[in-house]
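Pasted below: structure-v5.tsv, TSV, C-alpha atoms.
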chain	number	residue	atom	x	y	z
F	1	MET	CA	92.78	107.89	77.90
F	2	SER	CA	93.80	104.46	76.59
F	3	ILE	CA	96.70	102.53	78.14
F	4	GLU	CA	98.50	102.64	74.77
F	5	ARG	CA	98.23	106.42	74.65
F	6	ILE	CA	99.47	106.81	78.23
F	7	TRP	CA	102.48	104.62	77.47
F	8	ARG	CA	103.18	106.49	74.24
F	9	GLU	CA	103.17	109.81	76.08
F	10	ILE	CA	105.33	108.52	78.87
F	11	TRP	CA	107.96	106.79	76.83
F	12	THR	CA	108.38	109.68	74.42
F	13	PHE	CA	109.28	111.90	77.34
F	14	ILE	CA	112.47	113.71	76.41
F	15	SER	CA	114.62	114.75	79.30
F	16	PHE	CA	117.45	116.50	77.51
F	17	ARG	CA	115.70	119.47	75.94
F	18	PRO	CA	117.57	122.14	74.02
F	19	GLY	CA	119.22	124.62	76.35
F	20	GLY	CA	119.27	122.53	79.52
F	21	ILE	CA	117.90	119.67	81.54
F	22	GLU	CA	114.30	120.00	82.64
F	23	PRO	CA	114.14	119.16	86.34
F	24	LEU	CA	111.29	117.28	88.04
F	25	HIS	CA	108.92	119.64	89.80
F	26	GLU	CA	105.63	119.79	91.70
F	27	VAL	CA	103.10	122.60	92.13
F	28	GLU	CA	100.59	122.56	94.99
F	29	VAL	CA	97.91	125.20	95.40
F	30	GLY	CA	97.03	125.78	99.05
F	31	ARG	CA	94.47	128.07	100.66
F	32	ASP	CA	96.71	131.15	100.70
F	33	ASN	CA	99.91	130.08	98.92
F	34	VAL	CA	101.28	128.22	95.95
F	35	ARG	CA	104.10	125.84	96.89
F	36	ILE	CA	106.50	124.74	94.19
F	37	THR	CA	109.31	122.25	94.67
F	38	VAL	CA	111.99	121.50	92.09
F	39	ASP	CA	114.47	118.62	92.23
F	40	LEU	CA	117.95	120.01	91.52
F	41	PRO	CA	120.55	117.35	92.44
F	42	GLY	CA	124.01	118.79	92.95
F	43	VAL	CA	122.97	122.46	93.00
F	44	ARG	CA	124.06	125.01	95.63
F	45	LYS	CA	121.89	128.02	96.47
F	46	GLU	CA	124.38	130.52	95.01
F	47	ASP	CA	124.08	128.80	91.63
F	48	VAL	CA	120.31	129.26	91.26
F	49	LYS	CA	118.83	132.13	89.25
F	50	LEU	CA	115.15	132.47	90.12
F	51	GLU	CA	112.58	134.87	88.64
F	52	ILE	CA	108.91	135.02	89.53
F	53	SER	CA	106.07	136.88	87.81
F	54	GLU	CA	102.36	136.91	88.65
F	55	ILE	CA	101.76	133.90	86.42
F	56	ALA	CA	105.02	131.98	86.10
F	57	VAL	CA	108.27	130.91	87.72
F	58	ARG	CA	111.48	130.76	85.71
F	59	LEU	CA	114.68	129.21	86.98
F	60	GLU	CA	118.16	128.32	85.83
F	61	ALA	CA	120.79	126.48	87.83
F	62	VAL	CA	124.20	125.02	87.14
F	63	CYS	CA	126.25	122.39	88.90
F	64	SER	CA	128.79	119.65	88.39
F	65	ILE	CA	128.09	115.99	89.17
F	66	ALA	CA	130.95	113.48	88.87
F	67	GLY	CA	132.87	116.01	86.80
F	68	GLU	CA	130.03	116.60	84.34
F	69	GLY	CA	128.67	120.13	83.97
F	70	ILE	CA	124.88	120.30	84.24
F	71	CYS	CA	122.52	123.16	83.47
F	72	TYR	CA	118.91	122.98	84.64
F	73	LYS	CA	116.28	125.21	83.03
F	74	LYS	CA	112.58	125.35	83.76
F	75	GLU	CA	109.67	127.71	83.29
F	76	ILE	CA	106.59	126.76	85.29
F	77	GLU	CA	103.22	128.30	84.50
F	78	LEU	CA	101.23	128.81	87.67
F	79	PRO	CA	97.58	127.71	87.93
F	80	VAL	CA	96.61	130.90	89.85
F	81	GLU	CA	97.86	134.49	89.92
F	82	VAL	CA	100.39	135.15	92.67
F	83	ASP	CA	102.04	138.08	94.43
F	84	PRO	CA	105.76	137.71	93.54
F	85	SER	CA	106.81	140.36	96.08
F	86	GLY	CA	105.84	137.99	98.91
F	87	ALA	CA	107.72	134.96	97.57
F	88	LYS	CA	110.15	132.96	99.71
F	89	ALA	CA	112.60	130.31	98.49
F	90	ARG	CA	115.00	127.85	100.12
F	91	LEU	CA	117.24	125.04	98.92
F	92	ARG	CA	117.80	121.92	101.05
F	93	GLY	CA	119.75	118.89	99.84
F	94	GLY	CA	119.30	119.87	96.22
F	95	VAL	CA	115.53	120.39	96.44
F	96	LEU	CA	114.29	123.95	95.89
F	97	GLU	CA	111.10	125.06	97.62
F	98	ILE	CA	109.30	128.25	96.59
F	99	VAL	CA	106.25	129.53	98.46
F	100	ILE	CA	104.30	132.43	96.89
F	101	PRO	CA	101.17	134.09	98.26
F	102	ILE	CA	98.12	133.86	96.02
F	103	LYS	CA	97.10	137.29	94.71
F	104	GLY	CA	94.02	138.70	96.39
F	105	ARG	CA	94.20	136.25	99.31
F	106	LYS	CA	95.71	138.69	101.80
F	107	PHE	CA	93.06	139.38	104.41
F	108	HIS	CA	92.88	142.48	106.64
F	109	SER	CA	90.87	142.41	109.83
F	110	VAL	CA	88.11	144.97	110.10
F	111	LYS	CA	86.61	146.16	113.37
F	112	VAL	CA	82.89	145.59	113.53
F	113	GLU	CA	80.95	148.53	115.02
I	1	MET	CA	97.14	86.95	80.53
I	2	SER	CA	99.73	86.03	83.12
I	3	VAL	CA	103.28	86.73	84.18
I	4	GLU	CA	106.01	84.24	83.40
I	5	LEU	CA	108.75	84.05	86.01
I	6	ARG	CA	111.72	82.19	84.57
I	7	VAL	CA	114.40	81.34	87.15
I	8	ARG	CA	117.42	79.17	86.31
I	9	GLY	CA	119.16	79.36	89.66
I	10	PRO	CA	119.28	77.12	92.71
I	11	GLU	CA	116.27	76.46	94.95
I	12	LEU	CA	117.42	77.29	98.48
I	13	LYS	CA	115.85	76.05	101.71
I	14	GLU	CA	114.04	78.69	103.78
I	15	PRO	CA	115.56	81.69	101.99
I	16	VAL	CA	114.81	85.38	102.44
I	17	LEU	CA	113.26	87.24	99.51
I	18	ILE	CA	113.59	91.03	99.18
I	19	ALA	CA	111.47	92.55	96.40
I	20	ALA	CA	110.67	96.04	95.17
I	21	LEU	CA	109.09	97.76	92.19
I	22	PRO	CA	109.27	101.51	91.50
I	23	GLY	CA	107.17	103.44	94.05
I	24	ALA	CA	107.27	106.70	96.01
I	25	GLY	CA	110.75	108.23	95.85
I	26	LEU	CA	111.95	104.97	94.22
I	27	ALA	CA	113.15	104.29	97.79
I	28	GLY	CA	112.46	100.53	97.78
I	29	LEU	CA	114.00	100.05	94.36
I	30	ILE	CA	117.15	102.03	95.23
I	31	ALA	CA	117.53	99.94	98.40
I	32	VAL	CA	117.17	96.60	96.56
I	33	ASP	CA	119.50	97.76	93.79
I	34	HIS	CA	122.11	98.62	96.40
I	35	ILE	CA	121.73	95.22	98.11
I	36	VAL	CA	122.18	93.44	94.76
I	37	ARG	CA	125.39	95.38	94.12
I	38	THR	CA	126.96	95.24	97.59
I	39	LEU	CA	126.16	91.56	98.22
I	40	GLN	CA	127.36	90.81	94.67
I	41	MET	CA	124.18	88.92	93.91
I	42	VAL	CA	124.03	86.85	90.74
I	43	GLU	CA	121.29	87.32	88.16
I	44	ILE	CA	119.32	84.07	87.79
I	45	GLY	CA	116.05	84.98	86.13
I	46	PHE	CA	113.41	87.43	85.00
I	47	ALA	CA	109.69	88.09	84.84
I	48	ASP	CA	107.89	88.84	81.59
I	49	SER	CA	104.33	89.34	80.43
I	50	THR	CA	102.29	90.73	77.55
I	51	MET	CA	100.89	93.12	80.18
I	52	PHE	CA	104.27	94.75	80.69
I	53	PRO	CA	105.31	97.73	78.54
I	54	PRO	CA	107.47	96.83	75.52
I	55	ILE	CA	110.73	97.89	77.09
I	56	VAL	CA	114.14	96.37	77.77
I	57	GLY	CA	116.95	97.86	79.82
I	58	ILE	CA	120.35	98.34	78.20
I	59	GLU	CA	123.66	98.01	80.03
I	60	LYS	CA	126.84	98.52	77.99
I	61	GLY	CA	124.92	97.65	74.83
I	62	LYS	CA	123.38	94.44	76.18
I	63	ALA	CA	119.62	94.20	76.60
I	64	TYR	CA	118.16	92.92	79.86
I	65	HIS	CA	114.69	92.28	81.29
I	66	PRO	CA	113.57	95.16	83.51
I	67	ILE	CA	112.23	92.80	86.20
I	68	ARG	CA	115.02	90.48	87.29
I	69	VAL	CA	115.72	87.88	89.97
I	70	PHE	CA	119.07	87.70	91.81
I	71	VAL	CA	120.57	85.34	94.40
I	72	ASN	CA	123.32	85.28	96.99
I	73	GLU	CA	123.57	81.57	97.86
I	74	LYS	CA	125.87	82.04	100.85
I	75	GLU	CA	123.47	84.41	102.62
I	76	LYS	CA	120.41	82.53	101.27
I	77	ILE	CA	118.90	85.72	99.89
I	78	TYR	CA	116.91	86.23	96.71
I	79	ALA	CA	116.16	89.71	95.38
I	80	ILE	CA	113.62	90.84	92.82
I	81	LYS	CA	114.29	94.23	91.30
I	82	GLY	CA	111.72	95.82	88.98
I	83	GLU	CA	112.89	98.79	86.95
I	84	ILE	CA	109.60	99.59	85.23
I	85	PRO	CA	106.34	100.75	86.76
I	86	ILE	CA	103.67	98.07	86.34
I	87	PRO	CA	100.01	99.04	86.03
I	88	GLY	CA	97.33	97.45	88.32
I	89	MET	CA	96.57	93.91	87.11
I	90	GLY	CA	100.18	93.36	86.08
I	91	ILE	CA	101.18	93.63	89.75
I	92	VAL	CA	98.54	91.06	90.75
I	93	HIS	CA	99.78	88.52	88.20
I	94	LEU	CA	103.43	89.24	89.01
I	95	THR	CA	102.70	88.62	92.69
I	96	SER	CA	101.05	85.25	91.91
I	97	SER	CA	104.03	84.10	89.85
I	98	VAL	CA	106.57	85.24	92.45
I	99	MET	CA	104.65	83.57	95.26
I	100	ASP	CA	104.20	80.30	93.32
I	101	TRP	CA	107.98	80.20	92.89
I	102	ILE	CA	109.10	81.21	96.39
I	103	ASP	CA	106.39	79.15	98.14
I	104	ARG	CA	108.13	75.91	97.02
I	105	MET	CA	111.15	76.88	99.13
I	106	ARG	CA	109.09	77.78	102.24
I	107	PRO	CA	110.81	81.17	102.71
I	108	LYS	CA	111.87	82.30	106.15
I	109	LEU	CA	110.76	85.82	105.32
I	110	VAL	CA	109.63	88.03	102.44
I	111	ILE	CA	110.74	91.66	102.84
I	112	LEU	CA	109.00	94.42	100.88
I	113	PRO	CA	110.73	97.81	101.12
I	114	ASP	CA	108.86	100.85	99.81
I	115	GLY	CA	108.40	104.57	100.36
I	116	VAL	CA	105.60	106.81	101.57
I	117	GLY	CA	105.64	110.34	100.21
I	118	VAL	CA	105.57	113.04	102.89
I	119	HIS	CA	104.91	116.74	102.36
I	120	ASN	CA	107.61	117.91	104.80
I	121	ARG	CA	110.46	115.65	103.58
I	122	LEU	CA	112.58	118.78	103.03
I	123	ASP	CA	112.71	119.29	106.80
I	124	ILE	CA	113.43	115.65	107.70
I	125	GLU	CA	117.10	114.87	108.28
I	126	LYS	CA	116.72	111.14	108.86
I	127	PRO	CA	113.55	109.62	107.39
I	128	ARG	CA	111.58	107.32	109.70
I	129	VAL	CA	110.83	103.73	108.79
I	130	PHE	CA	107.42	102.20	109.48
I	131	LYS	CA	106.96	98.46	109.83
I	132	ALA	CA	104.00	96.22	109.00
I	133	PHE	CA	103.75	92.42	109.01
I	134	ASN	CA	101.34	89.57	108.39
I	135	MET	CA	102.15	87.18	111.28
I	136	GLU	CA	103.00	87.42	114.97
I	137	ASN	CA	106.34	85.64	114.54
I	138	VAL	CA	107.34	88.34	112.04
I	139	ALA	CA	106.39	90.98	114.62
I	140	LYS	CA	108.97	89.37	116.94
I	141	LEU	CA	111.64	89.56	114.22
I	142	LEU	CA	110.83	93.23	113.72
I	143	GLU	CA	111.20	94.10	117.41
I	144	ASN	CA	114.95	94.67	117.08
I	145	VAL	CA	114.68	96.54	113.81
I	146	VAL	CA	114.88	100.34	113.67
I	147	GLY	CA	111.54	102.04	113.02
I	148	GLU	CA	108.00	102.16	114.31
I	149	VAL	CA	105.17	99.69	113.87
I	150	LEU	CA	102.54	101.16	111.56
I	151	GLU	CA	99.63	101.52	113.97
I	152	HIS	CA	96.94	102.57	111.52
I	153	GLY	CA	96.76	103.30	107.84
I	154	TYR	CA	96.88	101.68	104.44
I	155	ILE	CA	99.54	100.23	102.22
I	156	SER	CA	98.98	100.24	98.50
I	157	GLY	CA	100.54	98.75	95.37
I	158	PHE	CA	103.03	95.90	95.14
I	159	PRO	CA	103.82	95.50	98.89
I	160	ALA	CA	100.09	95.44	99.69
I	161	ILE	CA	99.32	92.67	97.20
I	162	MET	CA	102.42	90.70	98.21
I	163	LEU	CA	101.49	90.95	101.91
I	164	ARG	CA	97.94	89.84	101.15
I	165	GLU	CA	99.08	86.89	99.06
I	166	ALA	CA	101.73	85.90	101.62
I	167	GLU	CA	99.05	85.92	104.32
I	168	ARG	CA	96.83	83.64	102.21
I	169	ARG	CA	99.67	81.15	101.73
I	170	GLY	CA	101.05	81.28	105.27
I	171	ILE	CA	104.34	82.87	104.22
I	172	PRO	CA	105.91	85.27	106.74
I	173	ALA	CA	106.22	88.74	105.24
I	174	ALA	CA	107.09	92.26	106.36
I	175	THR	CA	106.96	95.59	104.65
I	176	LEU	CA	109.27	98.44	105.58
I	177	ILE	CA	107.99	101.84	104.52
I	178	VAL	CA	110.18	104.92	104.69
I	179	GLN	CA	109.29	108.62	104.60
I	180	CYS	CA	110.44	110.08	101.28
I	181	PHE	CA	109.86	112.66	98.58
I	182	PRO	CA	106.76	111.44	96.72
I	183	THR	CA	107.98	112.18	93.20
I	184	TYR	CA	111.73	112.75	93.44
I	185	PRO	CA	114.26	109.91	93.64
I	186	ASP	CA	115.29	109.71	97.29
I	187	PRO	CA	118.54	107.81	98.01
I	188	GLY	CA	118.57	109.29	101.55
I	189	ALA	CA	115.32	107.46	102.29
I	190	ALA	CA	116.80	104.27	100.83
I	191	VAL	CA	119.66	104.53	103.35
I	192	SER	CA	117.13	104.39	106.21
I	193	LEU	CA	115.52	101.33	104.58
I	194	LEU	CA	118.89	99.63	104.21
I	195	GLU	CA	119.64	100.13	107.90
I	196	ALA	CA	116.37	98.38	108.77
I	197	ILE	CA	116.84	95.57	106.22
I	198	SER	CA	120.39	94.97	107.44
I	199	GLN	CA	119.13	94.50	111.00
I	200	LEU	CA	116.29	92.26	109.85
I	201	ILE	CA	118.43	89.86	107.82
I	202	GLY	CA	121.52	90.07	110.05
I	203	VAL	CA	123.82	90.98	107.17
I	204	LYS	CA	125.95	94.14	107.18
I	205	ILE	CA	125.14	96.40	104.22
I	206	GLU	CA	127.62	99.19	103.55
I	207	VAL	CA	125.80	102.42	102.62
I	208	SER	CA	128.68	104.88	102.18
I	209	THR	CA	128.90	104.26	98.41
I	210	LEU	CA	125.19	104.98	98.08
I	211	GLU	CA	125.58	108.25	99.99
I	212	GLU	CA	128.56	109.24	97.86
I	213	LYS	CA	126.73	108.59	94.59
I	214	SER	CA	123.45	110.07	95.75
I	215	GLU	CA	123.44	113.00	93.30
I	216	GLN	CA	124.41	110.81	90.33
I	217	LEU	CA	121.62	108.39	91.20
I	218	ARG	CA	119.07	111.19	91.47
I	219	MET	CA	120.03	112.36	87.98
I	220	LYS	CA	120.02	108.86	86.52
I	221	LEU	CA	116.61	107.98	87.99
I	222	ARG	CA	114.75	111.18	86.99
I	223	GLU	CA	113.01	109.64	84.01
I	224	LEU	CA	112.01	106.45	85.82
I	225	MET	CA	110.63	108.58	88.65
I	226	ASP	CA	108.62	110.68	86.20
I	227	LYS	CA	107.20	107.58	84.49
I	228	THR	CA	106.43	105.94	87.82
I	229	ALA	CA	104.50	108.97	89.06
I	230	LYS	CA	102.38	108.90	85.87
I	231	VAL	CA	101.66	105.16	85.76
I	232	THR	CA	101.16	104.39	89.44
I	233	PRO	CA	99.55	107.32	91.25
I	234	ILE	CA	101.71	107.80	94.32
I	235	LEU	CA	99.32	108.24	97.18
I	236	PRO	CA	100.59	110.24	100.13
I	237	GLY	CA	99.55	107.33	102.33
I	238	TYR	CA	98.33	107.69	105.87
I	239	VAL	CA	100.85	106.72	108.49
I	240	GLY	CA	100.49	106.98	112.24
Show how you would write the structure in this file as structure tokens.
Amino acid sequence: MSIERIWREIWTFISFRPGGIEPLHEVEVGRDNVRITVDLPGVRKEDVKLEISEIAVRLEAVCSIAGEGICYKKEIELPVEVDPSGAKARLRGGVLEIVIPIKGRKFHSVKVE
Amino acid sequence: MSVELRVRGPELKEPVLIAALPGAGLAGLIAVDHIVRTLQMVEIGFADSTMFPPIVGIEKGKAYHPIRVFVNEKEKIYAIKGEIPIPGMGIVHLTSSVMDWIDRMRPKLVILPDGVGVHNRLDIEKPRVFKAFNMENVAKLLENVVGEVLEHGYISGFPAIMLREAERRGIPAATLIVQCFPTYPDPGAAVSLLEAISQLIGVKIEVSTLEEKSEQLRMKLRELMDKTAKVTPILPGYVG
């Protein structure tokens, strides 16, 4: 990719999308889990609405910073299929962490005879 | 292609220079920005180059260069604050221009604050600062500064090239690297850096305003963080 094209892509980044602010996020695929973090400055845990399917994570959150109402919205497509029933989430200092087991990666021990 | 550093201000004897470009967690940049504000430093110059992206900053309608030079004459401190990520060779040429300028004044110390992204930042209450230097006399200065000497590892980007160039020219230099979120603006990490810088330069730096405005800053710096992560790959960096 040329430098010009990279710059064009970067500087046309639009942060204020219709319907809410798109927060920064990261997705890491581990051996057994997918770990997603989302940067949500100003948000408290009771103000996060989080939904997880086998292929995507959808979240909405609201908060107020310096008197200004803010609504975050993000749908993240996952690179692998996950088991949403095993998902765990926590919010620390305005950063949300979601850990979801990868589907089909739950191992059961078998006795060898 | 080169970088032009145009400075109109005074040339001080044996000053301290503190310089940062956007990096992991924007920690170094947030720290330098805070120093410029709290020490009421005066803008005296800028860096420009055809290698830099065609961008200007805007403050209350007025355009400004995104890489600027500031001074506080009383404390004999210069600061360089870069608000745009600079790709590879741009950093090399910027370093040469900065060093050509500061070398004339035989600086007492060049301080390079930056961040190192860590996976478990969510669980770290107070980020640790790691210290690296290019001369033994700088090691002595760092002895009374909070943080741990970086025993093994690598430093990349602007601080690395500045340290290398300072070594070549015999200029004392230190880099302070703080644990931070790799790709989220991290004012909390900048607070740890400011504590270390304050001890190193012997000047009190009030951090309460930074802590109070932490959430606003994180919102304001989202786009710069996103651009920085795309232009300069933020390596997790090996520390320890």
Within 7 Å of chain F: each chain I residue with its shortest pair, only C-alpha atoms, as a tab-separated table:
residue	atom	partner	partner_atom	distance
I:Leu122	CA	F:Arg92	CA	6.4
I:Tyr184	CA	F:Asp39	CA	6.6
I:Glu215	CA	F:Pro41	CA	5.3
I:Gln216	CA	F:Ile65	CA	6.5
I:Arg218	CA	F:Pro41	CA	6.4
I:Met219	CA	F:Pro41	CA	6.7
I:Lys227	CA	F:Ile10	CA	6.0
*Quick one: everything within 12 Å of Glu51 (chain F), counting all atoms listed in the file, minus sequence neighbours fewer than 5 positions away in the same chain. Send it as a list in words.*
Ala56, Val57, Arg58, Leu59, Glu60, Ala61, Lys73, Lys74, Glu75, Ile76, Pro84, Ser85, Ala87, Lys88, Ala89, Ile98 and Ile100 of chain F
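Put simply, CA of Gln179 (chain I) is 15.2 Å away from CA of Ile197 (chain I).
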Do a neighbour search on Val80 (chain F) at 10 Å with all atoms listed in the file, toss out local chain neighbours closer than 5 positions, and write the hits as a compact mmCIF listing (two decimals) with C-alpha atoms, in the frame of the given file.
# COMPACT_ATOMS: atom_id res chain seq x y z
CA VAL F 29 97.91 125.20 95.40
CA ASN F 33 99.91 130.08 98.92
CA VAL F 34 101.28 128.22 95.95
CA GLU F 54 102.36 136.91 88.65
CA ILE F 55 101.76 133.90 86.42
CA ALA F 56 105.02 131.98 86.10
CA ILE F 102 98.12 133.86 96.02
CA LYS F 103 97.10 137.29 94.71
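Taking only C-alpha atoms into account, Ala27 (chain I) lies nearest to I:Asp114 out of the set I:Ala174, I:Asp114, I:Ile55, I:Pro85.
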Box along x, y and z, 4 Å on every side, all listed atoms of region 104-111 of chain F inside: centre and edge lengths in Å to one decimal, as JSON.
{"center_x": 91.2, "center_y": 141.2, "center_z": 104.9, "size_x": 17.1, "size_y": 17.9, "size_z": 25.0}
_To one decimal place in Å, what is the distance between CA of Glu212 (chain I) and CA of Pro187 (chain I)?_
10.1 Å
*Within 10 Å of Glu43 (chain I), counting only C-alpha atoms, which residues show up once you throw out same-chain ones fewer than 4 positions away? Write them as number ranges by chain, please.*
I: 7-9, 36, 68-72, 78-80
*Could you name the residues that touch Tyr64 (chain I) at 12 Å or less, counting only C-alpha atoms, but leaving out those on the same chain fewer than 4 positions away, as a PyMOL selection string?*
chain I and resi 43-48+55-60+68-69+82-83
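In this structure, CA of His65 (chain I) sits 21.9 Å away from CA of Ala24 (chain I).
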_All residues 12 Å or closer to Ile124 (chain I), only C-alpha atoms, same chain fewer than 5 positions away omitted, as a list in words_ = Arg92 and Gly93 of chain F; Val118, His119, Val178, Gln179, Cys180, Phe181, Gly188, Ala189 and Ser192 of chain I
*In the coordinate frame of the file, compute which residues have an atom within 8 Å of (128.1, 88.1, 104.2) when using all atoms listed in the file, and state them as a PyMOL selection string.*
chain I and resi 39+74-75+203-204
Written file, previous selection with C-alpha atoms, as a compact mmCIF listing (two decimals), in the frame of the given file:
# COMPACT_ATOMS: atom_id res chain seq x y z
CA LEU I 39 126.16 91.56 98.22
CA LYS I 74 125.87 82.04 100.85
CA GLU I 75 123.47 84.41 102.62
CA VAL I 203 123.82 90.98 107.17
CA LYS I 204 125.95 94.14 107.18
*Considering all atoms listed in the file, state which residue in the set F:Arg35, F:Phe107, F:Val99, F:Val27 is at the smallest distance from Thr183 (chain I).*
F:Val27
